[in-house]
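Data from data.cif: mmCIF, C-alpha atoms
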```
data_model
#
loop_
_atom_site.label_atom_id
_atom_site.label_comp_id
_atom_site.auth_asym_id
_atom_site.auth_seq_id
_atom_site.Cartn_x
_atom_site.Cartn_y
_atom_site.Cartn_z
CA MET Z 24 16.32 207.04 115.69
CA ALA Z 25 14.56 208.22 118.85
CA TRP Z 26 13.76 204.73 120.10
CA SER Z 27 17.44 203.76 120.06
CA VAL Z 28 18.43 206.56 122.49
CA LEU Z 29 18.40 205.50 126.14
CA PRO Z 30 16.64 207.94 128.51
CA ASP Z 31 19.88 208.93 130.28
CA GLU Z 32 21.49 209.76 126.93
CA TRP Z 33 19.03 212.46 125.87
CA LYS Z 34 20.36 215.39 127.90
CA PRO Z 35 23.95 215.10 126.62
CA VAL Z 36 22.66 214.46 123.09
CA LEU Z 37 20.66 217.69 123.23
CA ALA Z 38 23.53 219.63 124.81
CA GLU Z 39 25.91 218.54 122.04
CA ARG Z 40 23.55 220.13 119.52
CA GLY Z 41 23.12 223.36 121.42
CA LEU Z 42 19.60 222.40 122.44
CA ARG Z 43 18.23 222.93 125.93
CA PRO Z 44 18.79 219.72 127.96
CA PHE Z 45 15.82 220.34 130.28
CA ARG Z 46 13.58 219.47 127.34
CA ALA Z 47 14.67 215.84 127.71
CA ASP Z 48 12.13 215.15 130.45
CA GLN Z 49 9.33 216.52 128.29
CA MET Z 50 10.49 214.42 125.37
CA LEU Z 51 10.57 211.26 127.47
CA HIS Z 52 7.05 211.92 128.68
CA CYS Z 53 5.87 212.29 125.10
CA LEU Z 54 7.67 209.11 124.00
CA TYR Z 55 6.85 206.74 126.86
CA ARG Z 56 3.78 208.17 128.59
CA ASP Z 57 1.88 209.68 125.66
CA TYR Z 58 3.32 207.07 123.25
CA ILE Z 59 3.48 209.43 120.29
CA ARG Z 60 4.06 208.03 116.79
CA ASP Z 61 5.50 211.27 115.38
CA TRP Z 62 7.28 214.23 116.98
CA ASN Z 63 4.61 216.53 115.53
CA GLU Z 64 2.25 215.02 118.11
CA ALA Z 65 4.50 216.32 120.92
CA THR Z 66 2.68 219.62 121.24
CA THR Z 67 4.35 220.45 124.58
CA LEU Z 68 7.61 220.94 122.65
CA PRO Z 69 8.41 224.07 120.60
CA LYS Z 70 7.86 223.74 116.88
CA ASP Z 71 11.56 224.28 116.03
CA LEU Z 72 12.57 221.48 118.41
CA ARG Z 73 9.97 219.15 116.91
CA GLU Z 74 11.38 219.91 113.45
CA THR Z 75 14.92 219.18 114.66
CA LEU Z 76 13.84 215.91 116.27
CA ASN Z 77 11.92 214.82 113.18
CA ARG Z 78 15.02 215.49 111.10
CA GLU Z 79 17.72 214.02 113.38
CA PHE Z 80 15.83 211.55 115.62
CA PRO Z 81 12.72 210.41 113.77
CA LEU Z 82 10.46 207.80 115.30
CA THR Z 83 10.79 204.47 113.56
CA ARG Z 84 8.13 203.93 110.94
CA TYR Z 85 6.28 200.65 111.11
CA GLU Z 86 3.00 199.25 109.83
CA ILE Z 87 0.85 196.38 111.04
CA LEU Z 88 0.57 194.42 107.81
CA ASP Z 89 -1.50 191.50 109.03
CA THR Z 90 -3.11 190.17 112.18
CA SER Z 91 -4.32 186.78 113.26
CA GLU Z 92 -6.31 186.10 116.41
CA SER Z 93 -6.92 182.82 118.19
CA SER Z 94 -10.06 181.74 119.96
CA ASP Z 95 -8.10 181.88 123.24
CA GLY Z 96 -7.37 185.60 122.75
CA THR Z 97 -3.80 185.22 121.51
CA LYS Z 98 -3.10 187.80 118.82
CA LYS Z 99 -0.28 187.76 116.29
CA LEU Z 100 0.84 190.90 114.48
CA LEU Z 101 2.99 191.04 111.34
CA ILE Z 102 4.93 194.29 111.52
CA GLY Z 103 6.49 195.80 108.43
CA PHE Z 104 9.43 198.21 108.35
CA ALA Z 105 10.62 200.82 105.86
CA ASP Z 106 12.79 198.40 103.85
CA GLY Z 107 9.85 196.09 103.17
CA GLU Z 108 10.91 193.39 105.64
CA ALA Z 109 8.54 192.16 108.34
CA VAL Z 110 8.63 190.38 111.69
CA GLU Z 111 6.07 188.87 113.99
CA THR Z 112 5.10 189.76 117.53
CA VAL Z 113 2.58 187.77 119.57
CA LEU Z 114 0.32 189.09 122.35
CA ILE Z 115 -0.76 186.52 124.93
CA PRO Z 116 -3.43 187.48 127.48
CA ALA Z 117 -3.79 185.66 130.79
CA THR Z 118 -5.24 186.43 134.19
CA GLY Z 119 -3.22 189.33 135.59
CA ARG Z 120 -0.69 189.21 132.73
CA PHE Z 121 -0.39 190.45 129.17
CA THR Z 122 2.74 188.94 127.63
CA GLN Z 123 4.36 190.03 124.39
CA CYS Z 124 6.66 187.73 122.44
CA ILE Z 125 9.02 189.82 120.34
CA SER Z 126 11.48 189.07 117.53
CA SER Z 127 15.13 190.04 117.29
CA GLN Z 128 15.80 189.20 113.63
CA VAL Z 129 13.97 188.91 110.31
CA GLY Z 130 13.97 185.14 109.94
CA CYS Z 131 16.52 183.00 111.74
CA ALA Z 132 19.82 181.35 110.82
CA MET Z 133 19.61 178.54 113.39
CA GLY Z 134 17.50 176.15 111.33
CA CYS Z 135 15.75 174.23 114.11
CA ALA Z 136 13.71 171.44 112.54
CA PHE Z 137 10.40 172.32 114.19
CA CYS Z 138 10.52 176.11 113.79
CA ALA Z 139 8.96 178.01 110.89
CA SER Z 140 11.14 181.09 111.55
CA GLY Z 141 14.28 179.37 110.34
CA SER Z 142 12.85 177.59 107.32
CA ARG Z 143 13.90 180.45 105.00
CA GLY Z 144 17.08 181.46 106.87
CA VAL Z 145 17.89 184.91 108.24
CA VAL Z 146 17.43 188.09 106.18
CA ARG Z 147 18.89 190.60 108.64
CA SER Z 148 19.04 191.55 112.30
CA LEU Z 149 16.71 194.17 113.72
CA ALA Z 150 18.06 197.49 114.95
CA SER Z 151 17.28 198.39 118.55
CA ASP Z 152 14.67 200.97 117.51
CA GLU Z 153 12.85 198.34 115.43
CA ILE Z 154 12.71 195.99 118.42
CA VAL Z 155 11.29 198.83 120.51
CA ALA Z 156 8.81 199.49 117.69
CA GLU Z 157 7.48 195.96 118.18
CA TYR Z 158 6.81 196.81 121.81
CA MET Z 159 5.13 200.07 120.79
CA ALA Z 160 2.89 198.21 118.34
CA GLY Z 161 1.96 195.66 120.98
CA ARG Z 162 1.17 198.07 123.78
CA ALA Z 163 -1.47 199.73 121.62
CA PHE Z 164 -3.54 196.60 122.40
CA GLY Z 165 -3.05 196.79 126.18
CA GLU Z 166 -0.54 197.38 128.95
CA ILE Z 167 2.33 194.91 128.47
CA THR Z 168 3.27 193.19 131.75
CA ASN Z 169 5.88 190.74 130.42
CA ILE Z 170 8.17 190.45 127.41
CA VAL Z 171 9.74 187.26 126.11
CA VAL Z 172 12.34 187.50 123.35
CA MET Z 173 11.24 184.18 121.88
CA GLY Z 174 9.99 185.30 118.49
CA MET Z 175 11.82 185.19 115.19
CA GLY Z 176 15.61 185.13 115.39
CA GLU Z 177 18.33 184.35 117.92
CA PRO Z 178 18.82 187.28 120.34
CA PHE Z 179 22.42 186.32 121.17
CA ALA Z 180 23.20 186.55 117.43
CA ASN Z 181 22.01 190.17 117.59
CA TYR Z 182 23.25 190.79 121.11
CA ASP Z 183 24.08 194.52 121.17
CA GLU Z 184 20.92 195.75 119.45
CA THR Z 185 18.68 193.43 121.45
CA MET Z 186 20.23 194.48 124.76
CA ARG Z 187 19.95 198.18 123.93
CA ALA Z 188 16.26 197.74 123.14
CA LEU Z 189 15.58 195.80 126.34
CA LYS Z 190 17.50 198.30 128.47
CA LEU Z 191 15.34 201.07 127.01
CA ILE Z 192 12.12 199.15 127.69
CA ASN Z 193 13.38 198.45 131.23
CA ALA Z 194 14.48 202.05 131.92
CA GLY Z 195 12.68 203.88 134.69
CA ARG Z 196 12.15 206.98 132.56
CA GLY Z 197 11.30 204.80 129.60
CA PRO Z 198 8.49 202.22 129.52
CA ASN Z 199 9.74 201.05 132.95
CA LEU Z 200 9.06 197.33 132.53
CA GLY Z 201 10.80 195.45 135.35
CA ALA Z 202 13.87 193.39 134.48
CA ARG Z 203 12.36 190.25 135.99
CA HIS Z 204 9.44 190.65 133.60
CA ILE Z 205 11.76 190.41 130.58
CA THR Z 206 13.01 187.00 129.37
CA LEU Z 207 15.60 186.29 126.72
CA SER Z 208 15.54 182.91 125.00
CA THR Z 209 18.58 181.43 123.28
CA CYS Z 210 19.01 178.21 121.35
CA GLY Z 211 22.45 177.85 122.92
CA VAL Z 212 24.83 180.47 121.52
CA VAL Z 213 27.36 179.91 124.28
CA PRO Z 214 29.34 183.20 124.15
CA GLY Z 215 26.16 185.09 124.99
CA PHE Z 216 25.94 183.63 128.50
CA ALA Z 217 29.07 185.31 129.84
CA LYS Z 218 28.13 188.60 128.16
CA LEU Z 219 24.68 188.58 129.72
CA ALA Z 220 26.05 187.67 133.15
CA ALA Z 221 28.43 190.64 132.96
CA GLU Z 222 25.51 193.05 132.34
CA GLY Z 223 24.39 192.81 135.96
CA ILE Z 224 20.73 193.12 134.93
CA GLN Z 225 18.19 190.70 136.34
CA PHE Z 226 16.65 189.68 133.03
CA GLU Z 227 15.32 186.12 132.98
CA LEU Z 228 17.03 183.59 130.72
CA SER Z 229 15.66 180.52 129.00
CA VAL Z 230 17.50 178.00 126.86
CA SER Z 231 15.94 175.98 124.05
CA LEU Z 232 17.22 172.45 124.70
CA HIS Z 233 14.66 170.13 123.05
CA ALA Z 234 16.82 166.99 123.30
CA PRO Z 235 18.83 165.30 126.07
CA ASN Z 236 21.88 164.19 124.04
CA ASP Z 237 24.11 165.43 121.24
CA LYS Z 238 23.00 162.94 118.60
CA LEU Z 239 19.33 163.86 118.82
CA ARG Z 240 19.87 167.55 119.51
CA SER Z 241 22.15 167.93 116.48
CA GLN Z 242 19.38 166.44 114.31
CA LEU Z 243 16.82 168.90 115.66
CA MET Z 244 19.06 171.93 116.25
CA PRO Z 245 22.13 172.48 114.03
CA VAL Z 246 23.55 174.93 116.61
CA ASN Z 247 24.44 171.89 118.72
CA ARG Z 248 27.18 170.96 116.26
CA LYS Z 249 29.02 174.16 117.20
CA TRP Z 250 28.18 174.23 120.90
CA PRO Z 251 27.32 170.68 122.04
CA ILE Z 252 25.37 169.89 125.18
CA ASP Z 253 28.32 169.55 127.57
CA GLU Z 254 29.67 172.97 126.57
CA LEU Z 255 26.19 174.49 126.72
CA LEU Z 256 25.38 173.10 130.17
CA ASP Z 257 28.77 174.21 131.51
CA ALA Z 258 28.00 177.75 130.30
CA CYS Z 259 24.56 177.56 131.94
CA ALA Z 260 26.05 176.42 135.23
CA ASP Z 261 28.63 179.22 135.14
CA TYR Z 262 25.84 181.72 134.46
CA THR Z 263 23.75 180.60 137.43
CA ARG Z 264 26.77 180.63 139.76
CA LYS Z 265 27.72 184.16 138.72
CA THR Z 266 24.24 185.66 138.71
CA LYS Z 267 22.36 183.49 141.24
CA ARG Z 268 19.58 183.52 138.62
CA ALA Z 269 17.64 180.45 137.52
CA ILE Z 270 17.65 179.20 133.94
CA THR Z 271 14.56 177.68 132.35
CA PHE Z 272 15.14 174.96 129.78
CA GLU Z 273 12.54 174.86 127.01
CA TYR Z 274 11.79 171.37 125.73
CA THR Z 275 9.37 170.95 122.82
CA LEU Z 276 7.79 167.49 122.90
CA ILE Z 277 7.65 165.86 119.45
CA ALA Z 278 5.82 162.55 119.01
CA GLY Z 279 8.16 159.62 118.47
CA VAL Z 280 11.24 161.82 118.41
CA ASN Z 281 12.13 163.10 121.89
CA ASP Z 282 9.17 162.08 124.06
CA SER Z 283 10.22 158.63 125.29
CA ARG Z 284 10.73 157.62 128.92
CA ALA Z 285 14.43 157.15 128.15
CA CYS Z 286 14.61 160.75 126.90
CA ALA Z 287 12.87 161.95 130.06
CA ASP Z 288 15.31 160.07 132.31
CA GLU Z 289 18.31 161.41 130.38
CA LEU Z 290 16.93 164.96 130.37
CA ALA Z 291 16.53 164.84 134.16
CA ARG Z 292 20.16 163.80 134.57
CA GLN Z 293 21.37 166.54 132.24
CA VAL Z 294 19.48 169.51 133.69
CA ARG Z 295 20.39 168.58 137.27
CA ARG Z 296 23.94 169.60 136.32
CA VAL Z 297 22.76 173.22 136.36
CA PRO Z 298 21.90 174.83 139.71
CA LEU Z 299 18.39 176.31 139.96
CA ALA Z 300 17.37 174.69 136.65
CA LYS Z 301 13.72 174.53 135.63
CA VAL Z 302 12.09 172.84 132.64
CA ASN Z 303 9.18 174.01 130.50
CA LEU Z 304 7.65 171.20 128.49
CA ILE Z 305 5.96 172.52 125.35
CA PRO Z 306 3.70 170.41 123.12
CA LEU Z 307 4.81 170.88 119.52
CA SER Z 308 2.85 173.44 117.51
CA PRO Z 309 2.74 171.81 114.06
CA VAL Z 310 4.37 173.82 111.27
CA SER Z 311 3.53 173.60 107.58
CA HIS Z 312 7.06 172.90 106.34
CA ARG Z 313 7.42 169.77 108.53
CA PRO Z 314 4.13 167.83 108.38
CA ASP Z 315 5.98 164.72 109.60
CA LEU Z 316 6.45 166.23 113.09
CA LYS Z 317 3.45 165.66 115.35
CA THR Z 318 2.30 166.61 118.84
CA PRO Z 319 2.42 163.75 121.39
CA ASP Z 320 -0.78 162.50 122.95
CA GLU Z 321 -1.82 163.58 126.44
CA ARG Z 322 -0.77 160.32 128.09
CA THR Z 323 2.79 160.58 126.74
CA MET Z 324 3.15 164.19 127.82
CA MET Z 325 1.93 163.42 131.34
CA MET Z 326 4.37 160.47 131.54
CA PHE Z 327 7.25 162.74 130.56
CA LEU Z 328 6.22 165.32 133.14
CA ASP Z 329 5.92 162.66 135.85
CA VAL Z 330 9.42 161.29 135.17
CA LEU Z 331 11.00 164.73 135.53
CA MET Z 332 9.11 165.58 138.68
CA LYS Z 333 9.98 162.23 140.30
CA ASN Z 334 13.61 163.08 139.53
CA HIS Z 335 13.20 166.32 141.49
CA VAL Z 336 13.31 168.61 138.46
CA GLN Z 337 11.05 171.65 138.73
CA THR Z 338 8.88 171.22 135.66
CA MET Z 339 5.83 172.78 134.03
CA LEU Z 340 3.82 171.45 131.11
CA ARG Z 341 2.95 174.55 129.14
CA ARG Z 342 -0.15 174.41 127.03
CA SER Z 343 0.22 175.83 123.54
CA ARG Z 344 -1.53 179.12 122.85
CA GLY Z 345 -2.79 180.50 119.57
CA LYS Z 346 -2.65 177.39 117.40
CA ASP Z 347 -5.55 178.69 115.30
CA ALA Z 348 -3.76 182.04 114.89
CA ASP Z 349 -0.66 180.62 113.16
CA ALA Z 350 1.11 181.59 116.39
CA ALA Z 351 4.08 179.27 116.09
CA CYS Z 352 7.11 181.40 115.27
CA GLY Z 353 7.34 182.49 111.66
CA GLN Z 354 4.10 181.11 110.28
CA LEU Z 355 2.33 184.42 109.65
CA ARG Z 356 5.40 185.77 107.81
CA LEU Z 357 5.67 182.57 105.75
CA ARG Z 358 2.01 182.88 104.83
CA ARG Z 359 2.65 186.41 103.55
CA ILE Z 360 5.80 185.60 101.54
CA GLY Z 361 4.41 182.36 100.20
CA GLY Z 362 6.18 179.83 102.42
#
```
Re-express the file's structure as structure tokens.
Amino acid sequence: MAWSVLPDEWKPVLAERGLRPFRADQMLHCLYRDYIRDWNEATTLPKDLRETLNREFPLTRYEILDTSESSDGTKKLLIGFADGEAVETVLIPATGRFTQCISSQVGCAMGCAFCASGSRGVVRSLASDEIVAEYMAGRAFGEITNIVVMGMGEPFANYDETMRALKLINAGRGPNLGARHITLSTCGVVPGFAKLAAEGIQFELSVSLHAPNDKLRSQLMPVNRKWPIDELLDACADYTRKTKRAITFEYTLIAGVNDSRACADELARQVRRVPLAKVNLIPLSPVSHRPDLKTPDERTMMMFLDVLMKNHVQTMLRRSRGKDADAACGQLRLRRIGG
């Protein structure tokens, strides 16, 4: 598939097939400047080359099956692939930014209590070209300035394909989106930290924490039973020491579950174990399969924020976007498949 070939790989790929390597630059321009959907649109290339590319390196077929748009401008797309499976990507406009949240798997195996993506388990991982296809679908609505791999799935459970896709999107002769504008989010698959550190690429990293201790986190996030908090935070600290890059901890606030002052105090103690740590507080976006989980009131959220800041933890209270667009992960797909 064309979108799984990194820009620097095209010349040797063409040479191996007896094709003229100088055509690679023309092909890259067609792919990532003209944003063609089919090689037949690449009219600067000879017809026989277009036929060869369509046969050996077709562009990934995708279809926008459904859309949902919020009053704040957030847009969710449900993207279908050739095998009938579908994933979600979310487009989030802001002043000077146009962020795309992309998926790495169809569904998710992690089973976090508050996430619609994992309520039906994982179907399969996406191939790198399918992840790039999400980006291609999104950029048709505007110039993407930032990507967050925070959609359906766990990127560290699909590490190789996700990294290949992000390297292509980052490549100078590809879409050329800066590494610091690309964020991976993991729920705490510990082996992924060392692998990412070894890449030497300045992608941003966030970690879904959502609880300050093992007892509560294991209730909310089954992954904690395999990689408990001490092991996770040690891996985070090793990552920041090796890369000199900050880690952002994502913490979804759930009324009566993890939003107490005691939880805030304990969270502050935990994240201070990691150099350069930051915290994003996220009010829960209610999901249909867990009506018992509620969003805290404003006073509780401000208390939680105040406790962290007084404990010298760099913290932001992030306001939810797209609630009226079913923009919490997995909800548009569940609506389509009858979840």
Explicit residues for the PyMOL selection byres ((chain Z and resi 227-241) around 7) (as a PDB file with C-alpha atoms, in the frame of the given file):
```pdb
ATOM      1  CA  ARG Z 203      12.360 190.250 135.990  1.00  0.00           C
ATOM      2  CA  ILE Z 205      11.760 190.410 130.580  1.00  0.00           C
ATOM      3  CA  THR Z 206      13.010 187.000 129.370  1.00  0.00           C
ATOM      4  CA  LEU Z 207      15.600 186.290 126.720  1.00  0.00           C
ATOM      5  CA  SER Z 208      15.540 182.910 125.000  1.00  0.00           C
ATOM      6  CA  THR Z 209      18.580 181.430 123.280  1.00  0.00           C
ATOM      7  CA  CYS Z 210      19.010 178.210 121.350  1.00  0.00           C
ATOM      8  CA  GLY Z 211      22.450 177.850 122.920  1.00  0.00           C
ATOM      9  CA  GLN Z 225      18.190 190.700 136.340  1.00  0.00           C
ATOM     10  CA  PHE Z 226      16.650 189.680 133.030  1.00  0.00           C
ATOM     11  CA  GLN Z 242      19.380 166.440 114.310  1.00  0.00           C
ATOM     12  CA  LEU Z 243      16.820 168.900 115.660  1.00  0.00           C
ATOM     13  CA  MET Z 244      19.060 171.930 116.250  1.00  0.00           C
ATOM     14  CA  PRO Z 245      22.130 172.480 114.030  1.00  0.00           C
ATOM     15  CA  ASN Z 247      24.440 171.890 118.720  1.00  0.00           C
ATOM     16  CA  ARG Z 248      27.180 170.960 116.260  1.00  0.00           C
ATOM     17  CA  PRO Z 251      27.320 170.680 122.040  1.00  0.00           C
ATOM     18  CA  ILE Z 252      25.370 169.890 125.180  1.00  0.00           C
ATOM     19  CA  ILE Z 270      17.650 179.200 133.940  1.00  0.00           C
ATOM     20  CA  THR Z 271      14.560 177.680 132.350  1.00  0.00           C
ATOM     21  CA  PHE Z 272      15.140 174.960 129.780  1.00  0.00           C
ATOM     22  CA  GLU Z 273      12.540 174.860 127.010  1.00  0.00           C
ATOM     23  CA  TYR Z 274      11.790 171.370 125.730  1.00  0.00           C
ATOM     24  CA  THR Z 275       9.370 170.950 122.820  1.00  0.00           C
ATOM     25  CA  ASN Z 281      12.130 163.100 121.890  1.00  0.00           C
ATOM     26  CA  CYS Z 286      14.610 160.750 126.900  1.00  0.00           C
ATOM     27  CA  GLU Z 289      18.310 161.410 130.380  1.00  0.00           C
ATOM     28  CA  LEU Z 290      16.930 164.960 130.370  1.00  0.00           C
ATOM     29  CA  GLN Z 293      21.370 166.540 132.240  1.00  0.00           C
TER      30      GLN Z 293
END
```
Practice task
Run through the PyMOL selection byres ((chain Z and resi 105) around 12) on the given coordinates and return the selected residues as an NGL selection string.
Solution key: :Z and (82-87 or 102-104 or 106-109 or 149 or 153)
Exercise for the section: Quick one: pull the distance between CA of Leu100 in chain Z and CA of Thr185 in chain Z, Å, one decimal. Expected result: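 Computing it gives 19.3 Å between the two atoms.
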Can you build me a table of range 104-215 of chain Z residues sitting at most 7 Å from range 44-60 of chain Z, with the closest atom pair per residue and its distance in Å to one decimal, using only C-alpha atoms, sorted by chain and residue number, as a tab-separated table?
```
residue	atom	partner	partner_atom	distance
Z:Arg196	CA	Z:Leu51	CA	6.8
Z:Gly197	CA	Z:Tyr55	CA	5.6
Z:Pro198	CA	Z:Tyr55	CA	5.5
```
Just say which residues the PyMOL selection byres ((chain Z and resi 215-223) around 8) picks in this file, as a PDB file with C-alpha atoms, keeping the file's coordinate frame.
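Just written: part.pdb:
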```pdb
ATOM      1  CA  PHE Z 179      22.420 186.320 121.170  1.00  0.00           C
ATOM      2  CA  TYR Z 182      23.250 190.790 121.110  1.00  0.00           C
ATOM      3  CA  VAL Z 212      24.830 180.470 121.520  1.00  0.00           C
ATOM      4  CA  VAL Z 213      27.360 179.910 124.280  1.00  0.00           C
ATOM      5  CA  PRO Z 214      29.340 183.200 124.150  1.00  0.00           C
ATOM      6  CA  ILE Z 224      20.730 193.120 134.930  1.00  0.00           C
ATOM      7  CA  GLN Z 225      18.190 190.700 136.340  1.00  0.00           C
ATOM      8  CA  ALA Z 258      28.000 177.750 130.300  1.00  0.00           C
ATOM      9  CA  CYS Z 259      24.560 177.560 131.940  1.00  0.00           C
ATOM     10  CA  TYR Z 262      25.840 181.720 134.460  1.00  0.00           C
ATOM     11  CA  LYS Z 265      27.720 184.160 138.720  1.00  0.00           C
ATOM     12  CA  THR Z 266      24.240 185.660 138.710  1.00  0.00           C
TER      13      THR Z 266
END
```
Practice task
Could you give me, as a ChimeraX atom specification, the residues within 9 Å of range 323-327 of chain Z, counting all atoms listed in the file and dropping anything in the same chain fewer than 6 positions from it?
Solution key: /Z:276,278,282-284,286-288,304,306,340
Handout entry: Two-atom distance - CA of Leu256 in chain Z, CA of Gly144 in chain Z (Å)
Key =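 One can read the CA of Leu256 in chain Z to CA of Gly144 in chain Z distance as 26.1 Å.
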Exercise for the section: Point out the residue among Z:His312, Z:Arg295, Z:Lys190, Z:Lys317 with the least atom-to-atom distance to Met332 in chain Z, counting all atoms listed in the file. Expected result: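 Under the stated criterion, the closest residue is Z:Arg295.
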Problem - Using all atoms listed in the file: which of Z:Cys131, Z:Val330, Z:Thr112, Z:Phe121 has the shortest distance to Val146 in chain Z - result: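 Among Z:Cys131, Z:Val330, Z:Thr112, Z:Phe121, it is Z:Cys131 that comes nearest to Val146 in chain Z.
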Exercise for the section: Between Z:Ser91, Z:Ser148, Z:Thr75, Z:Thr66, single out the one closest to Arg40 in chain Z, counting only C-alpha atoms. Expected result: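 Comparing Z:Ser91, Z:Ser148, Z:Thr75, Z:Thr66 against Arg40 in chain Z, the winner is Z:Thr75.
Closest approach to Phe164 in chain Z among Z:Pro69, Z:Gly96, Z:Gly41, Z:Pro319 is made by Z:Gly96 (distances from all atoms listed in the file).
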Practice task
Pick out the residues sitting within 10 Å of Arg73 in chain Z, and hand them over as a VMD selection string; count all atoms listed in the file, and ignore anything fewer than 4 positions along from it in its own chain.
Solution key: chain Z and resid 50 61 to 69 77 to 81
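Distance check against Leu299 in chain Z using only C-alpha atoms: of Z:Arg264, Z:Met24, Z:Pro30, Z:Arg322, the minimum falls on Z:Arg264.
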Could you get me a file of range 153-165 of chain Z with N, CA and C atoms, as a compact mmCIF listing (two decimals), in the first residue's frame, taken from the block above?
```
# COMPACT_ATOMS: atom_id res chain seq x y z
N GLU Z 153 -3.72 2.37 6.95
CA GLU Z 153 -5.05 2.74 7.40
C GLU Z 153 -5.00 3.89 8.40
N ILE Z 154 -3.96 3.91 9.23
CA ILE Z 154 -3.78 5.04 10.15
C ILE Z 154 -3.51 6.32 9.36
N VAL Z 155 -2.67 6.22 8.33
CA VAL Z 155 -2.42 7.37 7.47
C VAL Z 155 -3.71 7.79 6.76
N ALA Z 156 -4.53 6.82 6.38
CA ALA Z 156 -5.80 7.14 5.73
C ALA Z 156 -6.70 7.99 6.63
N GLU Z 157 -6.65 7.76 7.94
CA GLU Z 157 -7.39 8.61 8.86
C GLU Z 157 -6.94 10.06 8.73
N TYR Z 158 -5.61 10.23 8.71
CA TYR Z 158 -5.07 11.58 8.55
C TYR Z 158 -5.53 12.20 7.23
N MET Z 159 -5.49 11.41 6.15
CA MET Z 159 -5.91 11.90 4.84
C MET Z 159 -7.38 12.31 4.87
N ALA Z 160 -8.21 11.54 5.52
CA ALA Z 160 -9.62 11.88 5.63
C ALA Z 160 -9.80 13.18 6.41
N GLY Z 161 -9.04 13.34 7.47
CA GLY Z 161 -9.17 14.52 8.30
C GLY Z 161 -8.70 15.79 7.63
N ARG Z 162 -7.59 15.70 6.89
CA ARG Z 162 -7.02 16.92 6.32
C ARG Z 162 -7.88 17.46 5.18
N ALA Z 163 -8.82 16.69 4.70
CA ALA Z 163 -9.76 17.21 3.71
C ALA Z 163 -10.64 18.31 4.31
N PHE Z 164 -10.69 18.38 5.65
CA PHE Z 164 -11.51 19.39 6.33
C PHE Z 164 -10.69 20.59 6.78
N GLY Z 165 -9.39 20.56 6.55
CA GLY Z 165 -8.52 21.67 6.94
C GLY Z 165 -7.10 21.19 7.18
```
